[in-house]
Amino acid sequence: MSATAVVVDVVRTPSGRGKPGGALSDVHPVDLAAGVLSALLERNGLDSAMIDDVLLGCVSQVGEQSSNIARQAVLAAGFDESVPATSIDRQCGSSQQAVHFAAQGVMAGAYDVVIAGGVESMSRVPLGTSASVAGSPMSPKLRARYPEGFVNQGVSAELIAHRWGLSRSQLDAYAAESHRRAADAAARGLFDSQLVPVGDVIADETVRASTTTGTLADLRPAFRTDALAARFPELEWNITAGSSSPLTDGASAALIMTEARADELGLRPRARFRSFAVVGDDPLFMLTGPIPATKRVLERAGLGIDDLDAYEVNEAFASVPLAWAIELGADPARLNPWGGAIALGHALGSSGTRLLGALLAHLEATGGRYGLQTMCEGGGMANATIIERL
(Lines give C-alpha, C1' and ligand atoms only; values in the text may rest on other atoms or scores of the structure.)
Protein backbone atom coordinates (compact mmCIF):
# COMPACT_ATOMS: atom_id res chain seq x y z
CA MET A 1 0.00 0.00 0.00
CA SER A 2 1.33 3.44 -0.91
CA ALA A 3 1.95 6.05 1.77
CA THR A 4 -0.31 9.10 2.10
CA ALA A 5 1.44 12.32 1.09
CA VAL A 6 0.43 15.35 3.15
CA VAL A 7 1.18 19.06 3.16
CA VAL A 8 2.43 20.33 6.49
CA ASP A 9 3.34 23.92 5.58
CA VAL A 10 3.58 26.34 2.64
CA VAL A 11 5.43 29.66 2.67
CA ARG A 12 6.26 32.37 0.18
CA THR A 13 8.02 35.68 -0.12
CA PRO A 14 6.03 38.79 -0.92
CA SER A 15 5.69 39.43 -4.65
CA GLY A 16 8.09 42.06 -5.96
CA ARG A 17 7.86 43.81 -9.30
CA GLY A 18 10.17 42.02 -11.68
CA LYS A 19 12.09 45.01 -12.94
CA PRO A 20 15.02 47.13 -11.78
CA GLY A 21 13.98 49.00 -8.66
CA GLY A 22 11.42 46.38 -7.67
CA ALA A 23 11.15 45.58 -3.98
CA LEU A 24 13.11 42.31 -4.32
CA SER A 25 15.36 43.23 -7.24
CA ASP A 26 18.42 43.68 -5.02
CA VAL A 27 18.15 40.10 -3.71
CA HIS A 28 20.00 37.32 -5.52
CA PRO A 29 17.53 34.58 -6.58
CA VAL A 30 19.54 31.94 -4.71
CA ASP A 31 19.01 33.94 -1.53
CA LEU A 32 15.30 34.41 -2.29
CA ALA A 33 14.92 30.64 -2.43
CA ALA A 34 17.16 30.09 0.58
CA GLY A 35 14.90 32.31 2.65
CA VAL A 36 11.78 30.20 2.17
CA LEU A 37 13.74 26.98 2.71
CA SER A 38 15.07 28.26 6.02
CA ALA A 39 11.62 29.44 7.04
CA LEU A 40 10.13 25.98 6.60
CA LEU A 41 12.71 24.47 8.94
CA GLU A 42 12.35 27.20 11.54
CA ARG A 43 8.54 27.20 11.56
CA ASN A 44 8.39 23.42 11.94
CA GLY A 45 11.36 22.81 14.22
CA LEU A 46 13.16 20.52 11.77
CA ASP A 47 16.80 19.61 11.38
CA SER A 48 17.78 20.00 7.72
CA ALA A 49 19.37 16.53 7.74
CA MET A 50 15.82 15.11 7.92
CA ILE A 51 15.06 16.39 4.41
CA ASP A 52 15.39 13.64 1.81
CA ASP A 53 15.39 15.98 -1.18
CA VAL A 54 14.63 19.53 -2.29
CA LEU A 55 12.89 20.06 -5.63
CA LEU A 56 12.69 23.63 -6.92
CA GLY A 57 11.08 24.96 -10.07
CA CYS A 58 12.81 27.69 -12.07
CA VAL A 59 12.16 28.67 -15.69
CA SER A 60 15.11 30.84 -16.71
CA GLN A 61 17.95 28.60 -15.55
CA VAL A 62 20.78 30.81 -16.72
CA GLY A 63 23.14 33.30 -15.10
CA GLU A 64 22.24 33.80 -11.44
CA GLN A 65 19.66 31.00 -11.75
CA SER A 66 22.00 28.48 -13.39
CA SER A 67 24.05 25.56 -12.11
CA ASN A 68 21.12 23.83 -10.39
CA ILE A 69 19.76 26.75 -8.39
CA ALA A 70 18.03 24.32 -6.03
CA ARG A 71 21.35 22.98 -4.78
CA GLN A 72 22.79 26.48 -4.46
CA ALA A 73 19.74 27.54 -2.42
CA VAL A 74 20.05 24.50 -0.11
CA LEU A 75 23.65 25.41 0.63
CA ALA A 76 22.90 29.12 1.00
CA ALA A 77 20.15 28.24 3.48
CA GLY A 78 22.70 26.48 5.66
CA PHE A 79 21.23 23.01 5.14
CA ASP A 80 23.38 20.01 5.90
CA GLU A 81 25.58 19.23 2.92
CA SER A 82 24.01 15.76 2.78
CA VAL A 83 20.71 17.22 1.51
CA PRO A 84 20.41 16.83 -2.28
CA ALA A 85 18.42 19.12 -4.58
CA THR A 86 17.37 19.42 -8.19
CA SER A 87 15.86 22.11 -10.41
CA ILE A 88 12.79 21.56 -12.57
CA ASP A 89 11.55 23.37 -15.67
CA ARG A 90 7.97 22.79 -16.74
CA GLN A 91 7.68 26.44 -17.64
CA CYS A 92 5.08 28.32 -15.55
CA GLY A 93 4.08 25.09 -13.80
CA SER A 94 7.60 24.29 -12.63
CA SER A 95 6.96 24.42 -8.88
CA GLN A 96 3.59 22.70 -9.25
CA GLN A 97 5.44 19.91 -11.04
CA ALA A 98 7.99 19.94 -8.21
CA VAL A 99 5.11 19.37 -5.79
CA HIS A 100 3.82 16.50 -7.93
CA PHE A 101 7.22 14.83 -8.01
CA ALA A 102 7.65 15.34 -4.26
CA ALA A 103 4.23 13.96 -3.32
CA GLN A 104 4.53 11.08 -5.76
CA GLY A 105 7.95 10.26 -4.31
CA VAL A 106 6.43 10.14 -0.82
CA MET A 107 3.57 7.94 -2.03
CA ALA A 108 6.03 5.60 -3.74
CA GLY A 109 8.16 5.25 -0.62
CA ALA A 110 11.17 7.09 -2.04
CA TYR A 111 10.87 10.01 0.41
CA ASP A 112 9.74 10.50 3.99
CA VAL A 113 10.23 14.27 4.13
CA VAL A 114 10.73 16.49 1.09
CA ILE A 115 10.54 20.16 0.17
CA ALA A 116 9.09 21.33 -3.14
CA GLY A 117 9.01 24.92 -4.30
CA GLY A 118 10.28 27.40 -6.81
CA VAL A 119 11.93 30.72 -7.45
CA GLU A 120 12.17 33.32 -10.18
CA SER A 121 13.85 36.71 -10.21
CA MET A 122 12.51 38.31 -13.37
CA SER A 123 14.24 41.59 -12.55
CA ARG A 124 17.70 40.01 -12.47
CA VAL A 125 17.18 37.24 -15.05
CA PRO A 126 14.68 38.73 -17.51
CA LEU A 127 12.05 36.62 -19.23
CA GLY A 128 13.51 34.99 -22.34
CA THR A 129 17.13 35.23 -21.20
CA SER A 130 17.78 31.49 -21.41
CA ALA A 131 16.33 31.26 -24.93
CA SER A 132 18.55 34.10 -26.14
CA VAL A 133 21.86 32.74 -24.88
CA ALA A 134 22.74 30.23 -27.58
CA GLY A 135 20.30 30.35 -30.46
CA SER A 136 16.69 29.43 -31.05
CA PRO A 137 15.02 26.24 -29.74
CA MET A 138 13.21 26.00 -33.10
CA SER A 139 15.24 23.16 -34.60
CA PRO A 140 14.93 22.15 -38.27
CA LYS A 141 12.68 19.19 -37.36
CA LEU A 142 10.48 21.32 -35.13
CA ARG A 143 10.28 24.00 -37.82
CA ALA A 144 9.30 21.34 -40.35
CA ARG A 145 6.34 20.34 -38.18
CA TYR A 146 5.33 23.94 -37.36
CA PRO A 147 6.54 25.98 -40.37
CA GLU A 148 4.86 29.19 -39.23
CA GLY A 149 6.45 28.89 -35.80
CA PHE A 150 4.83 29.66 -32.47
CA VAL A 151 3.81 32.97 -30.93
CA ASN A 152 4.42 34.63 -27.60
CA GLN A 153 1.98 33.90 -24.82
CA GLY A 154 0.26 37.25 -25.15
CA VAL A 155 -0.82 36.35 -28.68
CA SER A 156 -2.00 32.96 -27.42
CA ALA A 157 -4.08 34.82 -24.83
CA GLU A 158 -5.60 36.88 -27.67
CA LEU A 159 -6.42 33.70 -29.62
CA ILE A 160 -8.18 32.30 -26.55
CA ALA A 161 -10.14 35.53 -26.05
CA HIS A 162 -11.28 35.36 -29.67
CA ARG A 163 -12.24 31.66 -29.59
CA TRP A 164 -14.29 32.05 -26.40
CA GLY A 165 -15.80 35.40 -27.38
CA LEU A 166 -14.30 37.37 -24.50
CA SER A 167 -14.63 41.13 -24.92
CA ARG A 168 -12.28 43.87 -23.75
CA SER A 169 -14.80 44.86 -21.07
CA GLN A 170 -14.98 41.29 -19.74
CA LEU A 171 -11.18 41.01 -19.59
CA ASP A 172 -10.80 44.36 -17.84
CA ALA A 173 -13.58 43.57 -15.37
CA TYR A 174 -11.91 40.28 -14.47
CA ALA A 175 -8.54 41.99 -13.96
CA ALA A 176 -10.03 44.70 -11.76
CA GLU A 177 -11.78 42.07 -9.66
CA SER A 178 -8.49 40.20 -9.19
CA HIS A 179 -6.94 43.32 -7.65
CA ARG A 180 -10.05 43.99 -5.54
CA ARG A 181 -10.06 40.46 -4.12
CA ALA A 182 -6.31 40.44 -3.46
CA ALA A 183 -6.39 43.86 -1.80
CA ASP A 184 -9.30 42.79 0.39
CA ALA A 185 -7.56 39.53 1.37
CA ALA A 186 -4.37 41.41 2.21
CA ALA A 187 -6.26 43.97 4.30
CA ARG A 188 -7.88 41.14 6.27
CA GLY A 189 -4.50 39.49 6.90
CA LEU A 190 -5.39 36.34 4.96
CA PHE A 191 -1.91 36.04 3.44
CA ASP A 192 -0.03 36.68 6.66
CA SER A 193 0.39 33.04 7.66
CA GLN A 194 2.16 32.27 4.38
CA LEU A 195 4.40 35.33 4.02
CA VAL A 196 8.10 35.26 4.85
CA PRO A 197 9.52 38.81 4.98
CA VAL A 198 12.56 39.59 2.85
CA GLY A 199 14.42 42.29 4.72
CA ASP A 200 11.89 45.07 5.23
CA VAL A 201 9.63 43.81 2.41
CA ILE A 202 6.58 42.38 4.15
CA ALA A 203 3.74 42.82 1.64
CA ASP A 204 3.03 42.16 -2.03
CA GLU A 205 4.20 45.01 -4.22
CA THR A 206 2.10 43.99 -7.21
CA VAL A 207 -1.41 44.45 -5.77
CA ARG A 208 -3.03 47.75 -6.77
CA ALA A 209 -6.16 48.42 -4.72
CA SER A 210 -6.92 51.47 -6.87
CA THR A 211 -7.34 49.43 -10.07
CA THR A 212 -10.74 49.89 -11.74
CA THR A 213 -12.22 49.08 -15.11
CA GLY A 214 -11.93 52.79 -15.83
CA THR A 215 -8.17 52.88 -15.31
CA LEU A 216 -7.73 49.66 -17.27
CA ALA A 217 -9.78 50.99 -20.19
CA ASP A 218 -7.07 53.56 -20.90
CA LEU A 219 -4.41 50.91 -21.57
CA ARG A 220 -3.42 50.00 -25.11
CA PRO A 221 -3.19 46.42 -26.43
CA ALA A 222 0.15 45.00 -25.34
CA PHE A 223 0.93 42.41 -28.00
CA ARG A 224 -0.31 43.71 -31.35
CA THR A 225 2.23 44.30 -34.11
CA ASP A 226 1.57 44.93 -37.77
CA ALA A 227 3.06 41.53 -38.67
CA LEU A 228 0.92 39.69 -36.12
CA ALA A 229 -2.19 41.62 -37.16
CA ALA A 230 -1.59 40.48 -40.72
CA ARG A 231 -1.11 36.86 -39.62
CA PHE A 232 -4.20 36.88 -37.37
CA PRO A 233 -6.67 39.30 -38.98
CA GLU A 234 -9.53 37.88 -36.90
CA LEU A 235 -8.13 39.14 -33.59
CA GLU A 236 -9.47 42.27 -31.91
CA TRP A 237 -6.35 42.74 -29.72
CA ASN A 238 -7.92 43.22 -26.31
CA ILE A 239 -5.16 41.95 -23.98
CA THR A 240 -3.33 44.75 -22.19
CA ALA A 241 -0.70 44.99 -19.48
CA GLY A 242 -3.62 45.35 -17.07
CA SER A 243 -5.21 42.03 -18.01
CA SER A 244 -1.84 40.25 -17.94
CA SER A 245 0.18 39.03 -14.97
CA PRO A 246 3.09 41.36 -14.19
CA LEU A 247 6.75 40.37 -14.32
CA THR A 248 7.49 39.31 -10.76
CA ASP A 249 10.24 38.30 -8.34
CA GLY A 250 9.49 35.72 -5.66
CA ALA A 251 10.04 32.31 -4.10
CA SER A 252 7.81 29.79 -2.36
CA ALA A 253 8.09 26.31 -0.87
CA ALA A 254 5.99 23.50 0.60
CA LEU A 255 6.88 20.92 3.24
CA ILE A 256 5.56 17.50 2.19
CA MET A 257 5.89 14.20 4.02
CA THR A 258 4.19 10.95 4.86
CA GLU A 259 1.31 11.21 7.29
CA ALA A 260 3.09 8.76 9.58
CA ARG A 261 6.25 10.89 9.64
CA ALA A 262 4.24 14.00 10.44
CA ASP A 263 2.72 12.18 13.41
CA GLU A 264 6.16 11.07 14.60
CA LEU A 265 7.45 14.64 14.42
CA GLY A 266 4.42 16.10 16.16
CA LEU A 267 3.44 18.11 13.08
CA ARG A 268 -0.12 18.67 11.87
CA PRO A 269 -0.93 17.44 8.35
CA ARG A 270 -3.02 20.21 6.77
CA ALA A 271 -4.03 18.53 3.50
CA ARG A 272 -3.56 15.34 1.55
CA PHE A 273 -3.06 14.97 -2.18
CA ARG A 274 -6.13 13.49 -3.82
CA SER A 275 -5.07 13.35 -7.50
CA PHE A 276 -2.64 14.69 -10.08
CA ALA A 277 -2.66 15.28 -13.83
CA VAL A 278 -0.33 16.72 -16.45
CA VAL A 279 -1.26 17.15 -20.11
CA GLY A 280 0.01 18.49 -23.39
CA ASP A 281 -2.20 20.66 -25.60
CA ASP A 282 -2.13 22.85 -28.73
CA PRO A 283 1.23 24.71 -28.66
CA LEU A 284 -0.15 27.65 -30.66
CA PHE A 285 -3.04 28.34 -28.28
CA MET A 286 -0.57 27.20 -25.62
CA LEU A 287 -2.58 28.31 -22.56
CA THR A 288 -5.66 26.09 -22.92
CA GLY A 289 -4.07 23.08 -21.17
CA PRO A 290 -5.84 23.71 -17.82
CA ILE A 291 -9.12 22.67 -19.45
CA PRO A 292 -8.17 19.06 -20.33
CA ALA A 293 -5.92 18.86 -17.25
CA THR A 294 -8.86 19.69 -15.00
CA LYS A 295 -11.12 17.18 -16.71
CA ARG A 296 -8.48 14.50 -16.25
CA VAL A 297 -7.72 15.25 -12.61
CA LEU A 298 -11.44 15.34 -11.73
CA GLU A 299 -11.95 11.97 -13.40
CA ARG A 300 -9.03 10.47 -11.50
CA ALA A 301 -10.35 11.86 -8.22
CA GLY A 302 -13.89 10.68 -8.87
CA LEU A 303 -15.16 14.23 -8.35
CA GLY A 304 -17.14 16.80 -10.29
CA ILE A 305 -16.51 20.54 -10.56
CA ASP A 306 -19.32 21.22 -8.07
CA ASP A 307 -17.54 19.07 -5.46
CA LEU A 308 -14.69 21.57 -5.33
CA ASP A 309 -14.82 24.37 -2.78
CA ALA A 310 -12.23 26.55 -4.51
CA TYR A 311 -10.11 26.56 -7.64
CA GLU A 312 -6.86 28.37 -8.27
CA VAL A 313 -6.41 28.79 -12.02
CA ASN A 314 -3.28 30.78 -12.76
CA GLU A 315 -4.06 34.20 -14.17
CA ALA A 316 -1.27 34.41 -16.71
CA PHE A 317 -3.81 36.47 -18.66
CA ALA A 318 -7.46 37.17 -17.89
CA SER A 319 -8.64 35.12 -20.87
CA VAL A 320 -7.16 31.91 -19.43
CA PRO A 321 -9.32 31.48 -16.28
CA LEU A 322 -12.35 32.98 -18.04
CA ALA A 323 -12.21 30.42 -20.87
CA TRP A 324 -11.53 27.67 -18.32
CA ALA A 325 -14.60 28.67 -16.29
CA ILE A 326 -16.81 28.66 -19.39
CA GLU A 327 -15.67 25.18 -20.43
CA LEU A 328 -15.95 23.68 -16.93
CA GLY A 329 -19.15 25.44 -15.88
CA ALA A 330 -17.31 26.73 -12.82
CA ASP A 331 -18.67 29.06 -10.16
CA PRO A 332 -16.98 32.50 -10.56
CA ALA A 333 -17.12 33.06 -6.81
CA ARG A 334 -14.89 30.01 -6.19
CA LEU A 335 -12.38 30.98 -8.91
CA ASN A 336 -9.23 32.59 -7.44
CA PRO A 337 -11.26 33.82 -4.45
CA TRP A 338 -8.39 35.88 -2.97
CA GLY A 339 -7.23 37.25 -6.31
CA GLY A 340 -4.75 35.73 -8.73
CA ALA A 341 -1.55 36.40 -10.61
CA ILE A 342 -2.86 39.56 -12.30
CA ALA A 343 -2.74 41.13 -8.84
CA LEU A 344 -0.42 38.87 -6.84
CA GLY A 345 2.19 38.42 -9.54
CA HIS A 346 3.56 35.51 -11.53
CA ALA A 347 7.14 34.76 -10.52
CA LEU A 348 7.25 31.93 -13.07
CA GLY A 349 9.11 29.16 -11.25
CA SER A 350 7.49 30.04 -7.92
CA SER A 351 3.85 30.37 -8.95
CA GLY A 352 2.79 26.74 -8.50
CA THR A 353 3.59 26.62 -4.80
CA ARG A 354 2.22 30.13 -4.33
CA LEU A 355 -1.12 28.87 -5.67
CA LEU A 356 -0.93 25.82 -3.40
CA GLY A 357 -0.43 28.03 -0.36
CA ALA A 358 -3.33 30.30 -1.28
CA LEU A 359 -5.62 27.35 -1.97
CA LEU A 360 -4.81 25.62 1.31
CA ALA A 361 -5.18 28.80 3.35
CA HIS A 362 -8.55 29.52 1.73
CA LEU A 363 -9.86 26.02 2.43
CA GLU A 364 -8.81 26.37 6.06
CA ALA A 365 -10.34 29.83 6.40
CA THR A 366 -13.68 28.77 4.92
CA GLY A 367 -13.93 25.15 6.08
CA GLY A 368 -13.80 23.85 2.51
CA ARG A 369 -12.79 20.27 1.81
CA TYR A 370 -11.55 19.97 -1.79
CA GLY A 371 -9.47 22.43 -3.81
CA LEU A 372 -8.06 22.41 -7.32
CA GLN A 373 -5.08 24.25 -8.71
CA THR A 374 -4.13 24.27 -12.37
CA MET A 375 -1.55 26.15 -14.38
CA CYS A 376 -1.10 26.89 -18.08
CA GLU A 377 2.46 26.36 -19.25
CA GLY A 378 4.67 27.40 -22.14
CA GLY A 379 4.71 25.02 -25.07
CA GLY A 380 1.08 24.01 -24.52
CA MET A 381 1.04 22.01 -21.26
CA ALA A 382 -0.73 22.13 -17.91
CA ASN A 383 -0.59 20.58 -14.46
CA ALA A 384 -3.61 20.05 -12.24
CA THR A 385 -3.73 19.04 -8.57
CA ILE A 386 -6.59 18.30 -6.20
CA ILE A 387 -5.97 18.52 -2.46
CA GLU A 388 -8.22 17.55 0.42
CA ARG A 389 -8.08 19.62 3.58
CA LEU A 390 -7.57 17.60 6.76
# chains A, B, ... in the order shown; residues from 1 in each chain; ligands from 1

$ select_by_dssp --residues "segment 71-288 of chain A" --states "helix (DSSP H, G or I)" --output "ChimeraX atom specification"
/A:71-76,94-108,129-132,140-145,153-163,168-187,213-217,226-231,241-243,259-265

$ select_by_dssp --residues "segment 13-230 of chain A" --states "strand (DSSP E)" --output "list in words"
Gly16, Arg17, Asp53, Val54, Leu55, Leu56, Gly57, Ala85, Thr86, Ser87, Ile88, Val113, Val114, Ile115, Ala116, Gly117, Gly118, Val119, Glu120 and Ser121 of chain A

$ closest_atom_pairs --of "segment 290-313 of chain A" --to "segment 365-373 of chain A" --cutoff "8 Å" --atoms "only C-alpha atoms" --output "CSV"
residue,atom,partner,partner_atom,distance
A:Asp307,CA,A:Tyr370,CA,7.1
A:Leu308,CA,A:Tyr370,CA,5.0
A:Asp309,CA,A:Gly368,CA,5.4
A:Ala310,CA,A:Gly371,CA,5.0
A:Tyr311,CA,A:Leu372,CA,4.6
A:Glu312,CA,A:Gln373,CA,4.5
A:Val313,CA,A:Gln373,CA,5.8

$ closest_residue --among "A:Ser95, A:Thr211, A:Ser178, A:Asn238" --to "Thr385 of chain A" --atoms "only C-alpha atoms"
A:Ser95

$ closest_atom_pairs --of "segment 105-144 of chain A" --to "segment 71-76 of chain A" --cutoff "12 Å" --atoms "only C-alpha atoms" --output "JSON lines"
{"residue": "A:Ile115", "atom": "CA", "partner": "A:Val74", "partner_atom": "CA", "distance": 10.5}
{"residue": "A:Ala116", "atom": "CA", "partner": "A:Val74", "partner_atom": "CA", "distance": 11.8}
{"residue": "A:Gly117", "atom": "CA", "partner": "A:Ala73", "partner_atom": "CA", "distance": 11.2}
{"residue": "A:Gly118", "atom": "CA", "partner": "A:Ala73", "partner_atom": "CA", "distance": 10.4}
{"residue": "A:Val119", "atom": "CA", "partner": "A:Ala73", "partner_atom": "CA", "distance": 9.8}

$ write_last_selection --atoms "N, CA and C atoms" --output "CSV table (one decimal), in the first residue's frame"
chain,number,residue,atom,x,y,z
A,115,ILE,N,11.0,18.8,0.4
A,115,ILE,CA,10.5,20.2,0.2
A,115,ILE,C,10.4,20.4,-1.3
A,116,ALA,N,9.3,21.0,-1.7
A,116,ALA,CA,9.1,21.3,-3.1
A,116,ALA,C,8.8,22.8,-3.2
A,117,GLY,N,9.3,23.5,-4.2
A,117,GLY,CA,9.0,24.9,-4.3
A,117,GLY,C,9.5,25.5,-5.6
A,118,GLY,N,9.8,26.8,-5.6
A,118,GLY,CA,10.3,27.4,-6.8
A,118,GLY,C,10.7,28.8,-6.6
A,119,VAL,N,11.4,29.4,-7.6
A,119,VAL,CA,11.9,30.7,-7.5
A,119,VAL,C,12.1,31.3,-8.9

$ closest_residue --among "A:Ala182, A:Gly16, A:Met381, A:Ala173" --to "Leu216 of chain A" --atoms "only C-alpha atoms"
A:Ala173

$ atom_distance --atom1 "atom CA of Thr4 of chain A" --atom2 "atom CA of Ile291 of chain A"
26.9 Å

$ atom_distance --atom1 "atom CA of Val8 of chain A" --atom2 "atom CA of Pro269 of chain A"
4.8 Å
